[in-house]
Amino acid sequence: MLRTQTDDSNGDYVKLSATSEDSQPELRLGAVAEPPLPQRGASLWYWLKLAVLVACLGFLAAVFFKWVGPFFMDKEIIPIINWERSTFSTPVLAVLVFASVALFPTLLLPSSPSVWVAGMTFGYGFGFLLIISAAAIGVSLPFFIGSIFHHKIQGWLEKYPKKASILRSAGGGTWFHQFRAVALIRISPFPYILYNYCAVATNVNYGPYILGSLVGMVPETFVAIYTGILIQTLANASHERHSLSAPQIILNVFGFCITVATTIFFTVYAKRRLKELQTEDELLLQ
């Protein structure tokens, strides 16, 4: 133990003293501290719990595709699909889907069922083009309408400073900075409809706002279209009075797990990047 003492005649000096056996062991000069041993047991337990979780999710998904899905299709989905096909032609249905996706966000109504219908009717290709073109209008109308209530929206954001700080990270910096922040906000779990109106209060420009919104909505759009296709597959199997075969169940379960994993990955990544952008903005303001 090193002790610094003061003497009137000798000035400051260092005194070496031995420690008792009950005290903590000292580190000798020239000795290298041993690194802590890795917690192999904790790491193994983590992966074991993850494997059990994935197995349980796969089992529940298989049960859903085998029994719960077809029963639900018979009672709810198939009657709606039959009514839809008998009432509207394909061109009229495309117009209705486009109008609902373009106008529902302005009315604070969810448009996910319309995206499901696009997946069931048009598939990935034309369905994606139809939805993404309608979404461009759906995110633009609230942006311009929100500019009329700019001060009221700012007052509402001041009541929620934590959420507002994330949104305001998209309102400054270069064009690319705003584009990246808007895309990350769209991927994150922040409510899609609310951000359409709140974005204008963050002083983000319309160019990076519309492009960032469309890019950030791509994963969610594909997930919703896949959901519609999956509903259509289950409805066809139930309508033809036969259960899905083992390869179909495996393929659907695999696609479902990939969809869930992709959604979680993009959500976690977006939240982490938004925190980094928020920290960078706070450092610049200091």
# chains A, B, ... in the order shown; residues from 1 in each chain; ligands from 1
call {"tool": "residues_around", "arguments": {"residues": "His150 (chain A)", "least_positions_apart": "6", "cutoff": "10 Å", "atoms": "only C-alpha atoms", "output": "list in words"}}
result
Phe144, Tyr197, Cys198, Ala199, Val200, Ala201, Thr202 and Asn203 of chain A
call {"tool": "closest_residue", "arguments": {"among": "A:Val117, A:Val52, A:Ala61, A:Val268", "to": "Ser188 (chain A)", "atoms": "only C-alpha atoms"}}
result
A:Val268
call {"tool": "atom_distance", "arguments": {"atom1": "CA of Thr90 (chain A)", "atom2": "CA of Ile231 (chain A)"}}
result
18.1 Å
call {"tool": "atom_distance", "arguments": {"atom1": "CA of Pro110 (chain A)", "atom2": "CA of Phe190 (chain A)"}}
result
14.1 Å
call {"tool": "select_by_dssp", "arguments": {"residues": "region 68-256 of chain A", "states": "alpha helix (DSSP H)", "output": "number ranges by chain"}}
result
A: 69-72, 78-87, 90-103, 112-122, 125-146, 150-158, 161-168, 175-187, 192-198, 206-216, 218-239, 246-256
call {"tool": "closest_residue", "arguments": {"among": "A:Ala102, A:Ile145, A:Leu184, A:Leu53", "to": "Phe266 (chain A)", "atoms": "only C-alpha atoms"}}
result
A:Leu184
call {"tool": "residues_around", "arguments": {"residues": "region 175-178 of chain A", "least_positions_apart": "4", "cutoff": "12 Å", "atoms": "only C-alpha atoms", "output": "CSV table (one decimal) with C-alpha atoms, in the first residue's frame"}}
result
chain,number,residue,atom,x,y,z
A,167,LEU,CA,-38.7,12.9,-34.4
A,168,ARG,CA,-36.7,16.1,-34.4
A,169,SER,CA,-33.5,14.2,-35.3
A,170,ALA,CA,-34.9,14.1,-38.8
A,171,GLY,CA,-35.4,17.9,-39.0
A,182,VAL,CA,-37.1,9.5,-41.9
A,183,ALA,CA,-36.4,6.0,-43.3
A,184,LEU,CA,-35.3,4.7,-39.8
A,185,ILE,CA,-38.4,6.3,-38.2
A,199,ALA,CA,-43.2,15.2,-39.5
A,202,THR,CA,-39.8,18.8,-37.1
A,203,ASN,CA,-38.9,21.1,-40.1
A,204,VAL,CA,-37.9,18.2,-42.3
A,205,ASN,CA,-38.0,19.0,-46.0
A,206,TYR,CA,-40.5,17.3,-48.3
A,207,GLY,CA,-37.9,15.7,-50.6
A,208,PRO,CA,-36.1,13.6,-48.0
A,209,TYR,CA,-39.4,13.0,-46.2
A,210,ILE,CA,-41.2,11.4,-49.2
A,211,LEU,CA,-38.2,9.3,-50.3
A,212,GLY,CA,-37.3,8.2,-46.8
A,213,SER,CA,-40.9,7.3,-46.1
A,273,ARG,CA,-29.5,3.8,-35.3
A,274,LEU,CA,-32.1,6.4,-34.1
A,277,LEU,CA,-28.6,9.9,-34.4
A,278,GLN,CA,-30.2,11.4,-31.3
A,280,GLU,CA,-25.1,12.9,-32.3
A,281,ASP,CA,-27.6,15.7,-32.4
call {"tool": "atom_distance", "arguments": {"atom1": "CA of Gly127 (chain A)", "atom2": "CA of Lys75 (chain A)"}}
result
26.0 Å
call {"tool": "closest_residue", "arguments": {"among": "A:Gly125, A:Gly216, A:Pro79, A:Gly138", "to": "Val101 (chain A)", "atoms": "only C-alpha atoms"}}
result
A:Gly138
call {"tool": "closest_residue", "arguments": {"among": "A:Ile132, A:Leu48, A:Ile250, A:Val115", "to": "Met217 (chain A)", "atoms": "only C-alpha atoms"}}
result
A:Ile132
call {"tool": "closest_residue", "arguments": {"among": "A:Lys159, A:Trp45, A:Arg186, A:Ser114", "to": "Ala270 (chain A)", "atoms": "only C-alpha atoms"}}
result
A:Arg186
call {"tool": "closest_residue", "arguments": {"among": "A:Ile148, A:Pro161, A:Ser140, A:Ala224", "to": "Asn196 (chain A)", "atoms": "only C-alpha atoms"}}
result
A:Ser140
